[in-house]
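S.K.: Provided herewith: run-v1.cif, mmCIF, C-alpha atoms.
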data_upload
loop_
_atom_site.group_PDB
_atom_site.id
_atom_site.type_symbol
_atom_site.label_atom_id
_atom_site.label_comp_id
_atom_site.auth_asym_id
_atom_site.auth_seq_id
_atom_site.Cartn_x
_atom_site.Cartn_y
_atom_site.Cartn_z
ATOM 1 C CA MET A 23 -6.020 -13.165 -1.986
ATOM 2 C CA SER A 24 -7.394 -16.473 -0.829
ATOM 3 C CA LEU A 25 -11.085 -17.124 -1.265
ATOM 4 C CA LYS A 26 -11.137 -17.960 2.444
ATOM 5 C CA ARG A 27 -10.840 -14.249 3.152
ATOM 6 C CA ARG A 28 -13.945 -13.398 1.169
ATOM 7 C CA THR A 29 -17.618 -13.301 1.868
ATOM 8 C CA PHE A 30 -19.512 -12.710 -1.361
ATOM 9 C CA LEU A 31 -22.120 -10.029 -0.886
ATOM 10 C CA GLY A 32 -25.519 -10.175 -2.531
ATOM 11 C CA LEU A 33 -26.181 -7.731 -5.365
ATOM 12 C CA THR A 34 -29.383 -5.832 -4.729
ATOM 13 C CA ALA A 35 -30.616 -2.329 -5.404
ATOM 14 C CA ALA A 36 -29.878 -1.588 -1.738
ATOM 15 C CA ALA A 37 -26.175 -1.569 -2.577
ATOM 16 C CA THR A 38 -26.647 1.586 -4.616
ATOM 17 C CA ALA A 39 -28.252 3.903 -1.911
ATOM 18 C CA GLY A 40 -2.205 -1.131 -15.734
ATOM 19 C CA LEU A 41 -1.545 2.029 -13.649
ATOM 20 C CA SER A 42 -0.420 5.184 -15.443
ATOM 21 C CA VAL A 43 2.361 7.539 -14.329
ATOM 22 C CA PRO A 44 1.526 8.524 -10.731
ATOM 23 C CA LEU A 45 1.676 12.324 -11.248
ATOM 24 C CA LEU A 46 2.024 12.911 -7.535
ATOM 25 C CA ASP A 47 4.817 14.858 -5.880
ATOM 26 C CA SER A 48 6.766 13.172 -3.097
ATOM 27 C CA GLY A 49 5.860 13.974 0.475
ATOM 28 C CA LEU A 50 2.575 14.952 2.070
ATOM 29 C CA HIS A 51 2.931 18.709 1.685
ATOM 30 C CA PRO A 52 3.838 21.204 -1.033
ATOM 31 C CA ALA A 53 7.498 21.290 -1.963
ATOM 32 C CA SER A 54 7.791 24.808 -0.569
ATOM 33 C CA GLY A 55 7.210 23.396 2.918
ATOM 34 C CA VAL A 56 4.241 25.722 3.412
ATOM 35 C CA GLU A 57 1.120 23.857 4.476
ATOM 36 C CA ARG A 58 -2.097 25.147 2.957
ATOM 37 C CA ALA A 59 -4.783 25.996 5.481
ATOM 38 C CA ALA A 60 -8.073 24.143 5.239
ATOM 39 C CA PRO A 61 -10.816 26.390 3.854
ATOM 40 C CA ALA A 62 -12.851 28.144 6.520
ATOM 41 C CA GLN A 63 -15.910 28.444 4.271
ATOM 42 C CA GLN A 64 -18.175 26.202 2.238
ATOM 43 C CA PHE A 65 -18.089 26.513 -1.545
ATOM 44 C CA ALA A 66 -20.557 26.401 -4.379
ATOM 45 C CA ILE A 67 -19.952 23.338 -6.563
ATOM 46 C CA GLY A 68 -18.952 22.979 -10.179
ATOM 47 C CA VAL A 69 -18.864 19.769 -12.216
ATOM 48 C CA ARG A 70 -17.076 18.670 -15.376
ATOM 49 C CA GLN A 71 -17.398 15.377 -17.243
ATOM 50 C CA PHE A 72 -14.595 13.234 -18.642
ATOM 51 C CA ASN A 73 -14.801 10.150 -20.860
ATOM 52 C CA TRP A 74 -11.728 8.370 -19.535
ATOM 53 C CA SER A 75 -10.880 4.699 -19.936
ATOM 54 C CA ARG A 76 -8.415 2.029 -18.816
ATOM 55 C CA GLY A 77 -7.833 -0.324 -21.693
ATOM 56 C CA SER A 78 -11.272 -1.573 -22.721
ATOM 57 C CA ARG A 79 -12.881 -0.397 -19.482
ATOM 58 C CA SER A 80 -14.918 2.796 -19.695
ATOM 59 C CA LEU A 81 -14.337 5.233 -16.838
ATOM 60 C CA PHE A 82 -16.839 8.032 -17.410
ATOM 61 C CA THR A 83 -16.178 10.387 -14.512
ATOM 62 C CA LYS A 84 -17.810 13.482 -13.108
ATOM 63 C CA VAL A 85 -15.371 15.700 -11.243
ATOM 64 C CA PHE A 86 -17.006 17.899 -8.604
ATOM 65 C CA TYR A 87 -15.030 20.897 -7.342
ATOM 66 C CA PRO A 88 -15.228 24.243 -5.538
ATOM 67 C CA THR A 89 -16.458 27.142 -7.640
ATOM 68 C CA PRO A 90 -17.164 30.827 -6.874
ATOM 69 C CA GLY A 91 -20.637 31.711 -5.658
ATOM 70 C CA ALA A 92 -23.012 31.103 -2.787
ATOM 71 C CA PRO A 93 -22.871 27.588 -1.263
ATOM 72 C CA GLY A 94 -25.810 25.281 -1.875
ATOM 73 C CA GLY A 95 -27.772 24.400 -4.952
ATOM 74 C CA ALA A 96 -27.005 22.029 -7.782
ATOM 75 C CA PRO A 97 -23.501 21.701 -9.237
ATOM 76 C CA VAL A 98 -22.897 24.142 -12.090
ATOM 77 C CA PRO A 99 -21.638 22.442 -15.267
ATOM 78 C CA ASP A 100 -18.250 23.684 -16.489
ATOM 79 C CA ALA A 101 -18.076 26.459 -13.888
ATOM 80 C CA PRO A 102 -14.698 28.069 -13.177
ATOM 81 C CA LEU A 103 -12.581 26.873 -10.273
ATOM 82 C CA ALA A 104 -12.652 28.838 -7.054
ATOM 83 C CA ASP A 105 -9.453 30.605 -6.087
ATOM 84 C CA GLY A 106 -7.163 28.220 -4.285
ATOM 85 C CA VAL A 107 -5.371 24.898 -4.542
ATOM 86 C CA PHE A 108 -7.388 21.855 -3.471
ATOM 87 C CA PRO A 109 -6.504 18.226 -2.663
ATOM 88 C CA VAL A 110 -8.146 15.281 -4.427
ATOM 89 C CA ALA A 111 -10.697 13.202 -2.484
ATOM 90 C CA GLU A 112 -12.447 10.584 -4.644
ATOM 91 C CA TRP A 113 -15.825 8.868 -4.091
ATOM 92 C CA ASN A 114 -16.763 5.482 -5.575
ATOM 93 C CA HIS A 115 -20.303 4.140 -5.999
ATOM 94 C CA GLY A 116 -21.625 0.682 -5.150
ATOM 95 C CA ALA A 117 -23.544 -1.871 -7.202
ATOM 96 C CA TYR A 118 -25.999 -0.441 -9.744
ATOM 97 C CA GLY A 119 -24.521 2.999 -9.100
ATOM 98 C CA ASN A 120 -22.915 5.756 -11.138
ATOM 99 C CA SER A 121 -21.352 9.196 -10.728
ATOM 100 C CA ASP A 122 -24.615 10.704 -9.472
ATOM 101 C CA SER A 123 -25.787 7.962 -7.094
ATOM 102 C CA TYR A 124 -24.210 9.469 -3.971
ATOM 103 C CA ALA A 125 -24.791 13.188 -4.470
ATOM 104 C CA SER A 126 -24.960 13.860 -0.728
ATOM 105 C CA GLN A 127 -21.406 12.590 -0.318
ATOM 106 C CA THR A 128 -19.767 13.952 -3.480
ATOM 107 C CA HIS A 129 -21.317 17.389 -3.007
ATOM 108 C CA ALA A 130 -20.284 17.542 0.661
ATOM 109 C CA ILE A 131 -16.701 16.636 -0.224
ATOM 110 C CA ALA A 132 -16.443 19.228 -3.009
ATOM 111 C CA SER A 133 -18.133 22.005 -1.043
ATOM 112 C CA ALA A 134 -15.641 21.486 1.797
ATOM 113 C CA GLY A 135 -12.733 22.332 -0.513
ATOM 114 C CA PHE A 136 -11.754 19.179 -2.388
ATOM 115 C CA ILE A 137 -11.541 18.037 -6.000
ATOM 116 C CA CYS A 138 -13.892 15.033 -5.968
ATOM 117 C CA PRO A 139 -13.783 12.669 -8.970
ATOM 118 C CA ALA A 140 -16.716 10.254 -9.001
ATOM 119 C CA PRO A 141 -16.285 7.550 -11.667
ATOM 120 C CA SER A 142 -19.030 5.410 -13.173
ATOM 121 C CA ILE A 143 -17.498 1.938 -13.211
ATOM 122 C CA SER A 144 -18.471 0.198 -16.453
ATOM 123 C CA ASP A 145 -19.393 -3.216 -14.997
ATOM 124 C CA ASN A 146 -21.267 -1.840 -12.030
ATOM 125 C CA THR A 147 -22.886 -5.120 -10.943
ATOM 126 C CA ASN A 148 -19.871 -7.398 -11.364
ATOM 127 C CA ILE A 149 -18.706 -8.506 -7.926
ATOM 128 C CA GLY A 150 -16.091 -10.747 -9.526
ATOM 129 C CA SER A 151 -14.505 -7.660 -11.072
ATOM 130 C CA VAL A 152 -14.187 -6.108 -7.606
ATOM 131 C CA TYR A 153 -12.584 -9.253 -6.162
ATOM 132 C CA GLY A 154 -10.324 -9.452 -9.211
ATOM 133 C CA GLY A 155 -8.977 -5.958 -8.584
ATOM 134 C CA GLU A 156 -10.422 -4.317 -11.696
ATOM 135 C CA TRP A 157 -12.375 -1.706 -9.744
ATOM 136 C CA SER A 158 -9.372 -0.813 -7.586
ATOM 137 C CA LYS A 159 -7.211 -0.441 -10.696
ATOM 138 C CA ASP A 160 -9.956 1.677 -12.263
ATOM 139 C CA VAL A 161 -9.906 4.055 -9.299
ATOM 140 C CA SER A 162 -6.120 4.327 -9.451
ATOM 141 C CA GLU A 163 -6.438 5.292 -13.101
ATOM 142 C CA VAL A 164 -9.083 7.907 -12.269
ATOM 143 C CA LEU A 165 -6.776 9.358 -9.623
ATOM 144 C CA THR A 166 -3.945 9.582 -12.148
ATOM 145 C CA ARG A 167 -6.191 11.262 -14.722
ATOM 146 C CA THR A 168 -7.525 13.703 -12.128
ATOM 147 C CA LEU A 169 -4.064 14.707 -10.917
ATOM 148 C CA ALA A 170 -3.020 15.233 -14.551
ATOM 149 C CA LEU A 171 -5.716 17.898 -14.908
ATOM 150 C CA ASN A 172 -3.416 20.179 -12.906
ATOM 151 C CA GLN A 173 -1.065 20.432 -15.887
ATOM 152 C CA SER A 174 -3.326 22.338 -18.290
ATOM 153 C CA GLY A 175 -6.881 23.487 -18.883
ATOM 154 C CA PRO A 176 -9.385 24.854 -16.339
ATOM 155 C CA PHE A 177 -7.968 22.861 -13.392
ATOM 156 C CA ALA A 178 -4.360 23.930 -14.022
ATOM 157 C CA GLY A 179 -2.712 25.127 -10.830
ATOM 158 C CA HIS A 180 -5.772 24.347 -8.696
ATOM 159 C CA ILE A 181 -4.957 20.742 -7.688
ATOM 160 C CA ASP A 182 -2.649 20.022 -4.777
ATOM 161 C CA THR A 183 -0.478 17.233 -6.140
ATOM 162 C CA ALA A 184 1.751 17.127 -3.043
ATOM 163 C CA ALA A 185 -0.843 16.408 -0.354
ATOM 164 C CA GLY A 186 -1.459 12.782 -1.252
ATOM 165 C CA VAL A 187 -4.949 11.706 -2.261
ATOM 166 C CA GLY A 188 -8.115 10.620 -0.499
ATOM 167 C CA VAL A 189 -10.431 7.800 -1.553
ATOM 168 C CA SER A 190 -13.850 6.760 -0.326
ATOM 169 C CA GLY A 191 -16.794 4.651 -1.422
ATOM 170 C CA HIS A 192 -19.731 2.483 -0.393
ATOM 171 C CA SER A 193 -20.420 -1.255 -0.639
ATOM 172 C CA MET A 194 -18.637 -2.586 -3.728
ATOM 173 C CA GLY A 195 -17.086 0.884 -3.819
ATOM 174 C CA GLY A 196 -15.982 0.476 -0.205
ATOM 175 C CA MET A 197 -14.460 -2.905 -1.021
ATOM 176 C CA THR A 198 -12.656 -1.207 -3.899
ATOM 177 C CA ILE A 199 -11.189 1.324 -1.474
ATOM 178 C CA HIS A 200 -10.018 -1.374 0.925
ATOM 179 C CA GLY A 201 -8.495 -3.172 -2.064
ATOM 180 C CA LEU A 202 -6.349 -0.090 -2.703
ATOM 181 C CA LEU A 203 -4.908 -0.474 0.783
ATOM 182 C CA THR A 204 -4.284 -4.212 0.475
ATOM 183 C CA ALA A 205 -4.218 -6.419 -2.614
ATOM 184 C CA TRP A 206 -3.908 -3.628 -5.247
ATOM 185 C CA PRO A 207 -2.079 -0.913 -3.318
ATOM 186 C CA ASP A 208 -1.858 2.705 -4.390
ATOM 187 C CA GLU A 209 0.858 4.393 -2.342
ATOM 188 C CA ARG A 210 -0.463 7.879 -3.156
ATOM 189 C CA ILE A 211 -3.380 7.360 -0.756
ATOM 190 C CA VAL A 212 -3.078 9.112 2.611
ATOM 191 C CA ALA A 213 -6.790 9.158 3.517
ATOM 192 C CA ALA A 214 -9.280 6.327 2.978
ATOM 193 C CA VAL A 215 -12.931 5.954 3.958
ATOM 194 C CA PRO A 216 -14.340 2.505 3.088
ATOM 195 C CA VAL A 217 -18.070 2.491 3.857
ATOM 196 C CA ALA A 218 -19.866 -0.852 4.295
ATOM 197 C CA CYS A 219 -16.888 -2.855 3.039
ATOM 198 C CA VAL A 220 -15.564 -6.355 3.676
ATOM 199 C CA ASP A 221 -11.960 -7.456 4.242
ATOM 200 C CA MET A 222 -10.137 -7.530 0.894
ATOM 201 C CA GLY A 223 -6.742 -8.740 2.050
ATOM 202 C CA THR A 224 -3.604 -8.142 4.059
ATOM 203 C CA PRO A 225 -2.598 -4.476 4.449
ATOM 204 C CA ALA A 226 0.146 -3.418 2.030
ATOM 205 C CA ALA A 227 3.311 -2.050 3.610
ATOM 206 C CA SER A 228 3.650 0.512 0.797
ATOM 207 C CA VAL A 229 0.441 2.383 1.711
ATOM 208 C CA HIS A 230 0.518 4.776 4.663
ATOM 209 C CA ALA A 231 -3.074 5.939 4.890
ATOM 210 C CA GLY A 232 -5.281 6.986 7.730
ATOM 211 C CA THR A 233 -8.433 4.879 7.376
ATOM 212 C CA LEU A 234 -11.942 5.619 8.610
ATOM 213 C CA PHE A 235 -14.443 2.736 8.452
ATOM 214 C CA ILE A 236 -18.173 3.497 8.461
ATOM 215 C CA HIS A 237 -20.646 0.629 8.797
ATOM 216 C CA GLY A 238 -24.057 -0.388 10.128
ATOM 217 C CA ASP A 239 -23.840 -3.283 12.567
ATOM 218 C CA LYS A 240 -27.020 -4.870 11.149
ATOM 219 C CA ASP A 241 -25.834 -4.739 7.539
ATOM 220 C CA PRO A 242 -27.396 -7.692 5.661
ATOM 221 C CA THR A 243 -25.214 -7.228 2.581
ATOM 222 C CA CYS A 244 -21.615 -6.604 3.728
ATOM 223 C CA ASP A 245 -20.792 -8.526 6.894
ATOM 224 C CA TYR A 246 -20.000 -6.117 9.741
ATOM 225 C CA ALA A 247 -17.642 -8.688 11.281
ATOM 226 C CA LEU A 248 -15.468 -8.661 8.157
ATOM 227 C CA ALA A 249 -15.174 -4.888 8.277
ATOM 228 C CA ARG A 250 -14.172 -5.201 11.923
ATOM 229 C CA ARG A 251 -11.470 -7.678 10.932
ATOM 230 C CA ALA A 252 -10.205 -5.301 8.263
ATOM 231 C CA TYR A 253 -10.074 -2.512 10.852
ATOM 232 C CA ALA A 254 -8.151 -4.671 13.322
ATOM 233 C CA GLU A 255 -5.529 -5.533 10.707
ATOM 234 C CA LEU A 256 -4.682 -1.946 9.750
ATOM 235 C CA PRO A 257 -2.194 0.181 11.675
ATOM 236 C CA ALA A 258 -3.049 3.572 13.146
ATOM 237 C CA PRO A 259 -4.188 6.149 12.347
ATOM 238 C CA LYS A 260 -7.595 4.576 11.992
ATOM 239 C CA ALA A 261 -11.142 4.935 13.272
ATOM 240 C CA PHE A 262 -14.454 3.096 13.118
ATOM 241 C CA LEU A 263 -17.882 4.736 13.120
ATOM 242 C CA THR A 264 -20.610 2.157 13.798
ATOM 243 C CA HIS A 265 -24.238 3.059 13.154
ATOM 244 C CA LEU A 266 -26.007 0.926 15.753
ATOM 245 C CA GLY A 267 -28.910 -1.101 14.392
ATOM 246 C CA ALA A 268 -28.407 0.362 10.909
ATOM 247 C CA ASP A 269 -28.540 -1.543 7.637
ATOM 248 C CA HIS A 270 -26.411 -1.316 4.512
ATOM 249 C CA ALA A 271 -26.964 2.277 3.382
ATOM 250 C CA SER A 272 -29.573 4.176 5.416
ATOM 251 C CA TYR A 273 -26.991 6.324 7.244
ATOM 252 C CA LEU A 274 -25.858 7.762 3.885
ATOM 253 C CA ASN A 275 -29.269 9.316 3.278
ATOM 254 C CA PRO A 276 -30.318 12.799 4.467
ATOM 255 C CA GLY A 277 -33.063 12.558 7.055
ATOM 256 C CA PHE A 278 -31.707 9.419 8.704
ATOM 257 C CA PRO A 279 -31.131 10.134 12.428
ATOM 258 C CA THR A 280 -27.362 9.605 12.282
ATOM 259 C CA PHE A 281 -26.753 10.902 8.748
ATOM 260 C CA ASP A 282 -24.978 14.061 9.939
ATOM 261 C CA ARG A 283 -22.418 11.935 11.770
ATOM 262 C CA THR A 284 -21.588 10.155 8.532
ATOM 263 C CA GLN A 285 -21.091 13.415 6.660
ATOM 264 C CA ASN A 286 -19.199 15.253 9.381
ATOM 265 C CA THR A 287 -16.714 12.464 10.063
ATOM 266 C CA LEU A 288 -16.175 11.859 6.332
ATOM 267 C CA VAL A 289 -15.383 15.510 5.631
ATOM 268 C CA ASP A 290 -13.317 16.084 8.764
ATOM 269 C CA TRP A 291 -11.297 12.921 8.110
ATOM 270 C CA PHE A 292 -10.321 14.298 4.720
ATOM 271 C CA ARG A 293 -9.678 17.775 6.159
ATOM 272 C CA TRP A 294 -7.344 16.305 8.761
ATOM 273 C CA ARG A 295 -5.440 13.971 6.487
ATOM 274 C CA LEU A 296 -5.232 16.153 3.347
ATOM 275 C CA TYR A 297 -5.004 19.656 4.843
ATOM 276 C CA ASP A 298 -3.317 18.731 8.138
ATOM 277 C CA ASP A 299 -6.286 20.367 9.852
ATOM 278 C CA THR A 300 -5.732 19.340 13.475
ATOM 279 C CA ALA A 301 -8.923 21.106 14.540
ATOM 280 C CA ALA A 302 -10.825 18.725 12.240
ATOM 281 C CA ARG A 303 -9.014 15.792 13.827
ATOM 282 C CA ASP A 304 -9.985 17.041 17.254
ATOM 283 C CA ARG A 305 -13.642 17.358 16.178
ATOM 284 C CA LEU A 306 -13.929 13.762 15.026
ATOM 285 C CA ALA A 307 -15.093 12.262 18.316
ATOM 286 C CA ALA A 308 -17.776 14.936 18.692
ATOM 287 C CA ASP A 309 -18.742 14.542 15.022
ATOM 288 C CA ALA A 310 -19.371 10.839 15.536
ATOM 289 C CA THR A 311 -20.780 10.591 19.044
ATOM 290 C CA GLY A 312 -24.447 10.408 20.057
ATOM 291 C CA ASP A 313 -27.424 8.127 20.357
ATOM 292 C CA GLY A 314 -27.281 5.479 17.654
ATOM 293 C CA THR A 315 -23.550 5.488 16.967
ATOM 294 C CA ARG A 316 -20.321 4.144 18.454
ATOM 295 C CA TRP A 317 -16.918 5.732 17.799
ATOM 296 C CA GLU A 318 -13.542 4.018 18.136
ATOM 297 C CA ALA A 319 -10.232 5.534 17.133
ATOM 298 C CA ALA A 320 -6.483 5.109 17.264
ATOM 299 C CA LEU A 321 -5.288 8.376 15.776
ATOM 300 C CA SER A 322 -1.586 8.148 16.552
#
Any chance you could put this one into structure tokens?

M.R.:
Amino acid sequence: MSLKRRTFLGLTAAATAGLSVPLLDSGLHPASGVERAAPAQQFAIGVRQFNWSRGSRSLFTKVFYPTPGAPGGAPVPDAPLADGVFPVAEWNHGAYGNSDSYASQTHAIASAGFICPAPSISDNTNIGSVYGGEWSKDVSEVLTRTLALNQSGPFAGHIDTAAGVGVSGHSMGGMTIHGLLTAWPDERIVAAVPVACVDMGTPAASVHAGTLFIHGDKDPTCDYALARRAYAELPAPKAFLTHLGADHASYLNPGFPTFDRTQNTLVDWFRWRLYDDTAARDRLAADATGDGTRWEAALS
């Protein structure tokens, strides 16, 4: 990727608010041809920790997942898996972040019926490592390790390895996600949500993902215009949720006026793409629309 495509973002605390065997079945649905219905209920959340690595790079990861019990409350360490088979939808932090920095997002994803790995990238302030593809390769490795959990242990039989995978992340994490669609492609991805990203390169023909961009149009850290360029370059299905007048991360925080639109579109995007939930697809415009936001979509 030419340096002309890049705008180097500033690293501030505001940014926080070699691939293994793929281990993914072919096709977007289980081999039986039976599509699994999206869960109708919210779940309580469990969490397990894994000390993974890629070469010399540490990839400590918390995996959040549905567990039996009443929804709400803190994730329960080492809880059993809820009954069911759940797709993988990853979340990646930004600069200065870790597995716990975006609890609102990881918990919402898991409670909606997804296995949500959230890695702590070892060099979490190194923008050069993002532009060099290390973060994107790290996420691919985390996806491989997560899918492998379906083979044995407490996750065995609970991970849908035929649905494709979802990826999402904010700031440097959002750039990482766009990198997986472009310069360091991961063809397992069918759903992507880069939040506050910049353009990381030309879309890869090998990746067939539906991509939802989320961004504030007054972002001082990741240039909104570069995210718009990235959106224009990608084929449908795609959508863009703009938080009007918003900065780099405020719309990810509970209590912000348009926060619910962030959460609802994020979860329904994954429900549509990973469960084939057409009702979730049809809710997207309503999820995203209201004072303070603008919604654009090309869904077919």

S.K.: Could you list, as a VMD selection string, every residue within 10 Å of Ala130 of chain A, counting all atoms listed in the file and ignoring same-chain residues fewer than 2 positions away?

M.R.: chain A and resid 64 to 65 67 86 94 125 to 128 132 to 136 138 285 to 286 288 to 289

S.K.: Residues at most 7 Å from segment 209-216 of chain A, counting all atoms listed in the file, excluding those fewer than 6 positions away in the same chain, as a PyMOL selection string?

M.R.: chain A and resi 186-192+196-197+199-200+228-236+292+295

S.K.: Please expand the PyMOL selection byres ((chain A and resi 115) around 10) into the concrete residues it hits in this file, giving the result as an NGL selection string.

M.R.: :A and (37-39 or 113-114 or 116-124 or 140-143 or 146 or 190-196 or 198)

S.K.: Please evaluate the PyMOL selection byres ((chain A and resi 80) around 12) against the displayed coordinates and give the resulting residues as a list in words.

M.R.: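 Expected selection for the PyMOL selection byres ((chain A and resi 80) around 12) here is Phe72, Asn73, Trp74, Ser75, Arg76, Gly77, Ser78, Arg79, Leu81, Phe82, Thr83, Pro141, Ser142, Ile143, Ser144, Asp145, Asn146, Glu156, Trp157, Asp160, Val161, Glu163 and Val164 of chain A.
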
S.K.: Using all atoms listed in the file, which of the listed residues (A:Leu202, A:Ala247, A:Ala320, A:Val98) sits closest to Thr264 of chain A?

M.R.: A:Ala247

S.K.: Considering only C-alpha atoms, can you say which of A:His129, A:Arg70, A:Lys159, A:Arg305 comes closest to Gly95 of chain A?

M.R.: A:His129

S.K.: Give the answer as one residue: which of A:Pro176, A:Gly312, A:Gly277, A:Pro139 has the shortest atom-to-atom distance to Asp100 of chain A, using all atoms listed in the file?

M.R.: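 Residue with the minimum atom-to-atom distance to Asp100 of chain A: A:Pro176.
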
S.K.: Considering all atoms listed in the file, can you say which of A:Phe108, A:Trp206, A:Tyr273, A:Tyr153 comes closest to Ala178 of chain A?

M.R.: A:Phe108

S.K.: Once the PyMOL selection byres ((chain A and resi 306) around 10) has been applied to the shown file, what residues remain in the selection, as a list in words?

M.R.: Ala261, Arg283, Asn286, Thr287, Leu288, Val289, Asp290, Trp291, Trp294, Ala301, Ala302, Arg303, Asp304, Arg305, Ala307, Ala308, Asp309, Ala310, Thr311, Trp317 and Ala319 of chain A

S.K.: Expressed in Å to a single decimal, how great is the separation between atom CA of Val217 of chain A and atom CA of Gly106 of chain A?

M.R.: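 Distance between the two atoms: 29.1 Å.
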
S.K.: Go ahead and compute the interatomic distance for atom CA of Pro88 of chain A and atom CA of Leu103 of chain A, in Å to one decimal.

M.R.: 6.0 Å

S.K.: Can you tell me how far atom CA of Gly179 of chain A sits from atom CA of Arg58 of chain A, in Å to one decimal?

M.R.: 13.8 Å

S.K.: Can you pull out every residue within 9 Å of Thr224 of chain A, counting only C-alpha atoms, but drop anything in the same chain fewer than 5 positions away, and send it as a PDB file with C-alpha atoms, in the coordinates of the input?

M.R.:
ATOM      1  CA  MET A  23      -6.020 -13.165  -1.986  1.00  0.00           C
ATOM      2  CA  LEU A 203      -4.908  -0.474   0.783  1.00  0.00           C
ATOM      3  CA  THR A 204      -4.284  -4.212   0.475  1.00  0.00           C
ATOM      4  CA  ALA A 205      -4.218  -6.419  -2.614  1.00  0.00           C
ATOM      5  CA  ALA A 252     -10.205  -5.301   8.263  1.00  0.00           C
ATOM      6  CA  GLU A 255      -5.529  -5.533  10.707  1.00  0.00           C
ATOM      7  CA  LEU A 256      -4.682  -1.946   9.750  1.00  0.00           C
TER       8      LEU A 256
END

S.K.: Determine the axis-aligned bounding box of all atoms of segment 196-209 of chain A present in the file, pad each side by 3 Å, and express its centre and edge lengths in Å to one decimal place as JSON.

M.R.:
{"center_x": -7.6, "center_y": -1.0, "center_z": -2.2, "size_x": 22.8, "size_y": 16.8, "size_z": 12.2}

S.K.: With distances taken over only C-alpha atoms, which of A:Val110, A:Ala218, A:Ile131, A:Leu321 is nearest to Lys240 of chain A?

M.R.: A:Ala218

S.K.: Give me the residues near Pro279 of chain A as a CSV table (one decimal) with C-alpha atoms, in the frame of the given file, where near means some atom within 12 Å (using only C-alpha atoms) and where sequence neighbours in that chain fewer than 4 positions away do not count.

M.R.:
chain,number,residue,atom,x,y,z
A,265,HIS,CA,-24.2,3.1,13.2
A,266,LEU,CA,-26.0,0.9,15.8
A,267,GLY,CA,-28.9,-1.1,14.4
A,268,ALA,CA,-28.4,0.4,10.9
A,272,SER,CA,-29.6,4.2,5.4
A,273,TYR,CA,-27.0,6.3,7.2
A,274,LEU,CA,-25.9,7.8,3.9
A,275,ASN,CA,-29.3,9.3,3.3
A,283,ARG,CA,-22.4,11.9,11.8
A,284,THR,CA,-21.6,10.2,8.5
A,312,GLY,CA,-24.4,10.4,20.1
A,313,ASP,CA,-27.4,8.1,20.4
A,314,GLY,CA,-27.3,5.5,17.7
A,315,THR,CA,-23.6,5.5,17.0
